[in-house]
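A.B. asks: structure_3.tsv is reproduced in full below (TSV, C-alpha atoms).
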chain	number	residue	atom	x	y	z
A	10	MET	CA	-21.59	-12.63	-11.53
A	11	ARG	CA	-21.77	-9.63	-9.19
A	12	MET	CA	-18.34	-8.62	-7.91
A	13	LEU	CA	-17.59	-5.25	-6.39
A	14	LEU	CA	-20.39	-2.80	-6.94
A	15	THR	CA	-23.58	-4.75	-6.49
A	16	ILE	CA	-26.42	-2.25	-6.23
A	17	GLU	CA	-29.48	-2.79	-4.09
A	18	THR	CA	-32.85	-1.46	-5.20
A	19	GLN	CA	-36.59	-1.47	-4.76
A	20	THR	CA	-39.37	-2.57	-7.02
A	21	HIS	CA	-41.77	-0.25	-8.77
A	22	GLN	CA	-44.21	1.51	-6.50
A	23	GLY	CA	-47.40	1.79	-8.50
A	24	ASP	CA	-46.58	3.38	-11.84
A	25	THR	CA	-43.66	5.35	-10.42
A	26	MET	CA	-40.16	3.95	-10.65
A	27	SER	CA	-38.24	4.38	-7.42
A	28	ILE	CA	-35.02	6.38	-7.45
A	29	ALA	CA	-33.03	3.28	-6.52
A	30	MET	CA	-34.57	1.38	-9.43
A	31	MET	CA	-33.74	4.23	-11.78
A	32	LEU	CA	-30.14	4.09	-10.66
A	33	ARG	CA	-29.95	0.31	-10.94
A	34	GLU	CA	-31.37	0.21	-14.44
A	35	GLY	CA	-29.55	3.34	-15.55
A	36	THR	CA	-26.13	2.01	-14.51
A	37	ALA	CA	-26.52	-1.64	-15.47
A	38	ASP	CA	-24.20	-1.37	-18.47
A	39	LYS	CA	-21.57	0.48	-16.46
A	40	HIS	CA	-21.80	-2.18	-13.78
A	41	GLN	CA	-21.08	-4.90	-16.31
A	42	GLU	CA	-18.19	-2.94	-17.81
A	43	THR	CA	-16.57	-2.67	-14.39
A	44	GLU	CA	-16.93	-6.39	-13.71
A	45	LYS	CA	-15.08	-7.19	-16.93
A	46	VAL	CA	-11.98	-5.16	-16.07
A	47	PRO	CA	-9.03	-7.62	-16.20
A	48	TYR	CA	-7.66	-6.42	-12.88
A	49	LEU	CA	-10.87	-7.36	-11.06
A	50	ARG	CA	-11.07	-10.68	-12.85
A	51	ALA	CA	-7.52	-11.41	-11.73
A	52	ILE	CA	-8.45	-10.62	-8.13
A	53	PHE	CA	-11.26	-13.16	-8.18
A	54	ARG	CA	-8.87	-15.77	-9.55
A	55	GLY	CA	-6.47	-15.29	-6.66
A	56	GLY	CA	-3.92	-13.39	-8.70
A	57	LEU	CA	-3.50	-10.36	-6.47
A	58	ASP	CA	-0.24	-9.64	-4.66
A	59	THR	CA	0.16	-7.69	-1.42
A	60	GLN	CA	2.03	-4.77	-2.97
A	61	THR	CA	-0.51	-4.07	-5.69
A	62	TYR	CA	-3.36	-4.44	-3.22
A	63	THR	CA	-1.69	-1.91	-0.94
A	64	TYR	CA	-1.57	0.50	-3.87
A	65	GLN	CA	-5.28	-0.14	-4.35
A	66	LEU	CA	-6.00	0.59	-0.70
A	67	GLU	CA	-3.92	3.75	-0.92
A	68	SER	CA	-5.89	5.06	-3.91
A	69	LEU	CA	-9.21	4.22	-2.29
A	70	ARG	CA	-8.08	5.88	0.94
A	71	ASP	CA	-7.32	9.10	-0.94
A	72	VAL	CA	-10.71	9.03	-2.66
A	73	TYR	CA	-12.75	8.21	0.45
A	74	LYS	CA	-10.88	10.76	2.54
A	75	GLU	CA	-11.81	13.55	0.14
A	76	MET	CA	-15.32	12.28	-0.40
A	77	GLU	CA	-16.09	11.91	3.30
A	78	GLU	CA	-14.73	15.33	4.16
A	79	LEU	CA	-17.05	16.80	1.52
A	80	PHE	CA	-19.94	14.79	2.96
A	81	ARG	CA	-19.27	16.32	6.37
A	82	THR	CA	-19.01	19.81	4.91
A	83	ASN	CA	-22.31	19.39	3.05
A	84	SER	CA	-24.13	17.29	5.64
A	85	SER	CA	-26.80	19.96	6.11
A	86	ASP	CA	-27.70	19.97	2.42
A	87	PRO	CA	-31.48	19.26	2.31
A	88	ILE	CA	-30.99	16.33	-0.06
A	89	LEU	CA	-27.59	14.92	0.92
A	90	SER	CA	-28.52	15.00	4.60
A	91	LYS	CA	-31.13	12.28	4.04
A	92	VAL	CA	-28.47	9.73	3.10
A	93	TYR	CA	-25.77	11.02	5.42
A	94	PHE	CA	-24.65	7.97	7.42
A	95	PRO	CA	-21.22	8.47	9.06
A	96	GLU	CA	-21.25	4.82	10.11
A	97	LEU	CA	-20.51	4.02	6.47
A	98	PHE	CA	-17.31	6.07	6.33
A	99	ARG	CA	-14.29	4.04	5.24
A	100	THR	CA	-11.22	6.27	5.58
A	101	LYS	CA	-10.18	5.03	9.02
A	102	ALA	CA	-10.68	1.39	8.02
A	103	LEU	CA	-8.60	1.87	4.89
A	104	GLU	CA	-5.81	3.42	6.90
A	105	GLU	CA	-5.89	0.42	9.24
A	106	ASP	CA	-5.59	-1.99	6.32
A	107	ILE	CA	-2.73	-0.04	4.79
A	108	LYS	CA	-0.80	-0.14	8.06
A	109	PHE	CA	-1.49	-3.86	8.36
A	110	PHE	CA	-0.09	-4.65	4.91
A	111	GLN	CA	2.93	-2.44	5.56
A	112	SER	CA	3.63	-4.23	8.83
A	113	LYS	CA	2.69	-7.80	7.88
A	114	PHE	CA	3.98	-7.92	4.31
A	115	ASN	CA	6.44	-5.04	4.19
A	116	ALA	CA	4.36	-3.39	1.46
A	117	LYS	CA	5.40	0.06	0.31
A	118	LEU	CA	3.30	3.14	-0.43
A	119	ARG	CA	3.50	5.10	-3.65
A	120	GLY	CA	3.83	8.31	-1.68
A	121	LYS	CA	1.96	10.23	-4.35
A	122	VAL	CA	-1.54	10.47	-5.76
A	123	THR	CA	-1.92	8.63	-9.07
A	124	ALA	CA	-3.45	10.20	-12.17
A	125	ALA	CA	-6.70	8.21	-11.98
A	126	THR	CA	-7.02	8.92	-8.26
A	127	GLN	CA	-6.44	12.63	-8.75
A	128	ASN	CA	-9.01	12.72	-11.55
A	129	TYR	CA	-11.51	11.04	-9.24
A	130	ILE	CA	-10.79	13.51	-6.44
A	131	ASP	CA	-11.02	16.51	-8.76
A	132	HIS	CA	-14.39	15.29	-10.00
A	133	ILE	CA	-15.76	14.92	-6.48
A	134	LYS	CA	-14.59	18.41	-5.57
A	135	ARG	CA	-16.20	19.87	-8.66
A	136	VAL	CA	-19.50	18.12	-7.96
A	137	ALA	CA	-19.51	19.27	-4.33
A	138	LYS	CA	-18.94	22.86	-5.43
A	139	GLU	CA	-21.50	22.93	-8.24
A	140	ASN	CA	-24.23	20.46	-7.15
A	141	PRO	CA	-23.62	18.99	-3.67
A	142	TYR	CA	-26.71	16.78	-3.86
A	143	LEU	CA	-25.01	14.75	-6.59
A	144	LEU	CA	-22.68	13.38	-3.92
A	145	VAL	CA	-25.62	11.06	-3.27
A	146	ALA	CA	-24.39	9.11	-6.31
A	147	GLN	CA	-21.00	8.64	-4.66
A	148	SER	CA	-22.65	7.38	-1.49
A	149	TYR	CA	-25.03	5.06	-3.31
A	150	VAL	CA	-22.53	3.42	-5.64
A	151	ARG	CA	-19.61	3.23	-3.26
A	152	TYR	CA	-21.16	2.35	0.09
A	153	LEU	CA	-23.90	0.00	-1.07
A	154	GLY	CA	-21.25	-1.65	-3.20
A	155	ASP	CA	-19.05	-2.07	-0.12
A	156	LEU	CA	-21.95	-3.57	1.82
A	157	SER	CA	-22.96	-5.90	-1.00
A	158	GLY	CA	-20.44	-7.14	-3.56
A	159	GLY	CA	-17.62	-5.88	-1.38
A	160	GLN	CA	-18.37	-8.69	1.04
A	161	ALA	CA	-17.51	-11.22	-1.68
A	162	ILE	CA	-14.21	-9.45	-2.29
A	163	LYS	CA	-13.51	-9.57	1.44
A	164	LYS	CA	-13.60	-13.37	1.30
A	165	VAL	CA	-11.32	-13.46	-1.73
A	166	ILE	CA	-8.78	-11.11	-0.14
A	167	ALA	CA	-8.79	-13.09	3.10
A	168	LYS	CA	-8.27	-16.36	1.23
A	169	THR	CA	-5.61	-14.97	-1.12
A	170	PHE	CA	-3.46	-13.61	1.71
A	171	SER	CA	-4.40	-16.18	4.38
A	172	LEU	CA	-5.87	-13.54	6.67
A	173	GLU	CA	-7.80	-14.20	9.85
A	174	GLY	CA	-10.44	-12.11	11.55
A	175	ALA	CA	-10.60	-8.45	10.59
A	176	ASP	CA	-6.85	-8.08	10.07
A	177	GLY	CA	-6.29	-6.63	6.58
A	178	VAL	CA	-9.99	-6.53	5.70
A	179	ALA	CA	-11.21	-3.67	7.90
A	180	PHE	CA	-12.36	-1.88	4.74
A	181	TYR	CA	-15.14	-4.44	4.36
A	182	GLU	CA	-16.09	-4.46	8.04
A	183	PHE	CA	-18.92	-2.25	9.33
A	184	PRO	CA	-18.87	-2.66	13.12
A	185	GLU	CA	-21.58	-0.06	13.65
A	186	ILE	CA	-23.97	-1.87	11.30
A	187	GLN	CA	-25.12	-5.16	12.80
A	188	ASP	CA	-27.51	-6.19	10.01
A	189	HIS	CA	-26.40	-5.29	6.52
A	190	GLN	CA	-29.68	-6.21	4.88
A	191	ALA	CA	-31.74	-4.20	7.35
A	192	PHE	CA	-29.46	-1.21	6.96
A	193	LYS	CA	-29.68	-1.36	3.18
A	194	GLY	CA	-33.44	-1.31	3.56
A	195	ILE	CA	-33.15	1.87	5.63
A	196	TYR	CA	-30.85	3.36	3.04
A	197	ARG	CA	-33.18	2.49	0.16
A	198	THR	CA	-36.11	4.07	1.97
A	199	ALA	CA	-34.12	7.25	2.49
A	200	MET	CA	-33.01	7.20	-1.13
A	201	ASP	CA	-36.54	6.81	-2.45
A	202	THR	CA	-37.84	9.74	-0.42
A	203	LEU	CA	-35.28	12.24	-1.71
A	204	PRO	CA	-37.04	15.46	-2.78
A	205	LEU	CA	-35.74	15.42	-6.34
A	206	SER	CA	-37.28	16.82	-9.49
A	207	ASP	CA	-37.37	14.66	-12.60
A	208	ALA	CA	-34.43	16.63	-13.99
A	209	GLN	CA	-32.43	16.05	-10.81
A	210	LYS	CA	-33.19	12.32	-10.92
A	211	THR	CA	-31.84	12.18	-14.44
A	212	GLU	CA	-28.72	14.07	-13.35
A	213	LEU	CA	-28.28	11.64	-10.45
A	214	VAL	CA	-28.38	8.67	-12.82
A	215	GLU	CA	-25.79	10.30	-15.07
A	216	GLU	CA	-23.57	11.08	-12.09
A	217	SER	CA	-23.82	7.48	-10.92
A	218	LYS	CA	-22.57	6.36	-14.33
A	219	LYS	CA	-19.59	8.67	-13.91
A	220	VAL	CA	-18.87	7.15	-10.50
A	221	PHE	CA	-18.68	3.71	-12.08
A	222	ASP	CA	-16.27	5.03	-14.71
A	223	LEU	CA	-14.08	6.75	-12.14
A	224	ASN	CA	-13.89	3.60	-10.06
A	225	LYS	CA	-13.23	1.46	-13.13
A	226	ASN	CA	-10.36	3.75	-14.09
A	227	LEU	CA	-8.69	3.13	-10.73
A	228	PHE	CA	-8.64	-0.58	-11.47
A	229	VAL	CA	-7.49	-0.12	-15.05
A	230	GLU	CA	-4.60	1.95	-13.74
A	231	LEU	CA	-3.64	-0.77	-11.25
A	232	GLU	CA	-3.39	-3.38	-14.00
A	233	SER	CA	0.13	-2.30	-14.96
A	234	ASP	CA	1.24	-2.60	-11.33
A	235	LEU	CA	-0.19	-6.09	-11.05
A	236	LYS	CA	1.51	-7.21	-14.27
A	237	GLU	CA	4.82	-5.86	-13.02
A	238	ASN	CA	4.51	-7.43	-9.59
A	239	ILE	CA	3.28	-10.91	-10.54
A	240	GLY	CA	4.65	-11.07	-14.07
A	241	ALA	CA	2.92	-10.51	-17.40
A	242	GLU	CA	2.75	-14.25	-18.17
A	243	ARG	CA	1.00	-15.12	-14.93
A	244	PHE	CA	-1.40	-12.22	-15.38
A	245	ALA	CA	-2.24	-13.39	-18.90
A	246	ALA	CA	-2.86	-16.91	-17.61
A	247	LEU	CA	-5.37	-15.55	-15.09
A	248	ILE	CA	-7.43	-13.79	-17.74
A	249	PRO	CA	-8.88	-16.18	-20.33
A	250	ALA	CA	-9.42	-14.82	-23.80
A	251	GLY	CA	-12.90	-13.61	-24.75
Translate this file's structure into structure tokens.

C.D. replies:
Amino acid sequence: MRMLLTIETQTHQGDTMSIAMMLREGTADKHQETEKVPYLRAIFRGGLDTQTYTYQLESLRDVYKEMEELFRTNSSDPILSKVYFPELFRTKALEEDIKFFQSKFNAKLRGKVTAATQNYIDHIKRVAKENPYLLVAQSYVRYLGDLSGGQAIKKVIAKTFSLEGADGVAFYEFPEIQDHQAFKGIYRTAMDTLPLSDAQKTELVEESKKVFDLNKNLFVELESDLKENIGAERFAALIPAG
């Protein structure tokens, strides 16, 4: 099962493993760990409520807002510039979804940045300051995940809350990208031509693993909210043992 962060890749080119393949293979375990988080499993079983999902959107909005501002600031970086695609930016879409859930379902905002969200933001800032090119890992994991597995989540969210059209699911919509598969091909080509040394490739793989962990921690943090909002018994019933 591939839920949220499905990663696209290329095959080996001769005897040289492509950068995308290195990232796919290097983060496979982290990918599986994320998929097993109870909160995500509950989502795919229709157990999400509008309030908890609004909290999720709020945390993601805070992360993407910081991340995308740093992308803009470092867009001339010789490495980051090759995978700089503003059409992927999600902050505006997340803000639209938050407003929709506030209006449609009377959902409330936390009004503060959570611990896991702040940790994520602090990490991104540190990376941008010390090694801006490692923001490529943020772009790769987050945006290709949104374009791939995120589309499955879009269907689940729409079904769970009986949504129609793009209302409430703008986060998963990419109006400037007409063909997701074609765009991912363009992205992979750009990724595999990054002028990275072997040491930098290794660092990029390690950073991608950290991105998975940071994202996973957001969902782990939301688990307590979901239990409170739908009830611990219902939550337990959604997550089979084992």

A.B. asks: If you count all atoms listed in the file, which residues fall within 12 Å of Glu75 of chain A, apart from same-chain ones fewer than 6 positions away, as an MDAnalysis selection string?

C.D. replies: chainID A and resid 68:69 81:82 98:100 126:127 129:135 137 144 147

A.B. asks: Using Å and a single decimal, report how far atom CA of Val46 of chain A sits from atom CA of Glu230 of chain A.

C.D. replies: 10.5 Å

A.B. asks: Kindly assemble as JSON lines a list of the segment 51-137 of chain A residues that lie within 7 Å of segment 171-187 of chain A, each paired with its nearest atom pair and their distance in Å to one decimal, using only C-alpha atoms, sorted first by chain and then by ascending residue number.

C.D. replies:
{"residue": "A:Glu96", "atom": "CA", "partner": "A:Glu185", "partner_atom": "CA", "distance": 6.0}
{"residue": "A:Arg99", "atom": "CA", "partner": "A:Phe180", "partner_atom": "CA", "distance": 6.2}
{"residue": "A:Ala102", "atom": "CA", "partner": "A:Phe180", "partner_atom": "CA", "distance": 4.9}
{"residue": "A:Leu103", "atom": "CA", "partner": "A:Phe180", "partner_atom": "CA", "distance": 5.3}
{"residue": "A:Glu105", "atom": "CA", "partner": "A:Ala179", "partner_atom": "CA", "distance": 6.8}
{"residue": "A:Asp106", "atom": "CA", "partner": "A:Gly177", "partner_atom": "CA", "distance": 4.7}
{"residue": "A:Phe109", "atom": "CA", "partner": "A:Gly177", "partner_atom": "CA", "distance": 5.8}
{"residue": "A:Phe110", "atom": "CA", "partner": "A:Gly177", "partner_atom": "CA", "distance": 6.7}

A.B. asks: Quick one: of A:Gln41, A:Thr59, A:Asn224, A:Thr25, who's nearest to Val150 of chain A, counting only C-alpha atoms?

C.D. replies: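 Ranked by minimum distance to Val150 of chain A, first place goes to A:Asn224.
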
A.B. asks: Please tell me which residues are no farther than 12 Å from (3.5, -1.5, -11.1) in the file, counting only C-alpha atoms, and write them as a list in words.

C.D. replies: Asp58, Thr59, Gln60, Thr61, Tyr62, Thr63, Tyr64, Gln65, Lys117, Leu118, Arg119, Thr123, Val229, Glu230, Leu231, Glu232, Ser233, Asp234, Leu235, Lys236, Glu237, Asn238, Ile239, Gly240 and Ala241 of chain A

A.B. asks: With distances taken over only C-alpha atoms, which residue among A:Lys101, A:Lys91, A:Arg70, A:His189 lies nearest Gly154 of chain A?

C.D. replies: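 Ranked by minimum distance to Gly154 of chain A, first place goes to A:His189.
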
A.B. asks: Would you compute the distance between atom CA of Phe244 of chain A and atom CA of Arg54 of chain A? Give it in Å to one decimal.

C.D. replies: 10.1 Å

A.B. asks: Could you list, as a VMD selection string, every residue within 8 Å of Asn83 of chain A, counting all atoms listed in the file and ignoring same-chain residues fewer than 5 positions away?

C.D. replies: chain A and resid 89 to 90 137 141

A.B. asks: Can you tell me which residues surround segment 194-207 of chain A at a distance of at most 9 Å, considering only C-alpha atoms, apart from same-chain residues fewer than 5 positions away, and format the answer as a PyMOL selection string?

C.D. replies: chain A and resi 17-19+27-29+87-89+91-92+94+145+149+153+189+212

A.B. asks: Between A:Ser157, A:Ser85, A:Ser148, A:Thr36, which has the minimum distance to Lys193 of chain A (counting only C-alpha atoms)?

C.D. replies: A:Ser157

A.B. asks: When you draw a straight line from atom CA of Phe80 of chain A to atom CA of Asn140 of chain A, how long is it in Å?

C.D. replies: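 Separation of atom CA of Phe80 of chain A and atom CA of Asn140 of chain A: 12.4 Å.
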
A.B. asks: Could you pull the residues within 10 Å of Ile52 of chain A, counting all atoms listed in the file, minus those fewer than 2 positions along the same chain, as a list in words?

C.D. replies: Pro47, Tyr48, Leu49, Arg50, Arg54, Gly55, Gly56, Leu57, Asp58, Tyr62, Ile162, Val165, Ile166, Thr169, Leu235 and Leu247 of chain A

A.B. asks: Return as AutoDock Vina command-line options the centre and edge lengths, in Å with one decimal, of the box along x, y and z that encloses every atom of segment 56-66 of chain A in the file, padded by 6 Å per side.

C.D. replies:
--center_x -2.0 --center_y -6.4 --center_z -4.7 --size_x 20.0 --size_y 26.0 --size_z 20.0

A.B. asks: In terms of the shortest atom-to-atom distance over only C-alpha atoms, which of A:Tyr142, A:Glu67, A:Gly35, A:Ala191 is closest to Lys219 of chain A?

C.D. replies: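 The closest residue to Lys219 of chain A is A:Gly35.
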
A.B. asks: Smallest atom-to-atom distance to Lys163 of chain A: which of A:Phe53, A:Ser84, A:Gln209, A:Val214, using only C-alpha atoms?

C.D. replies: A:Phe53
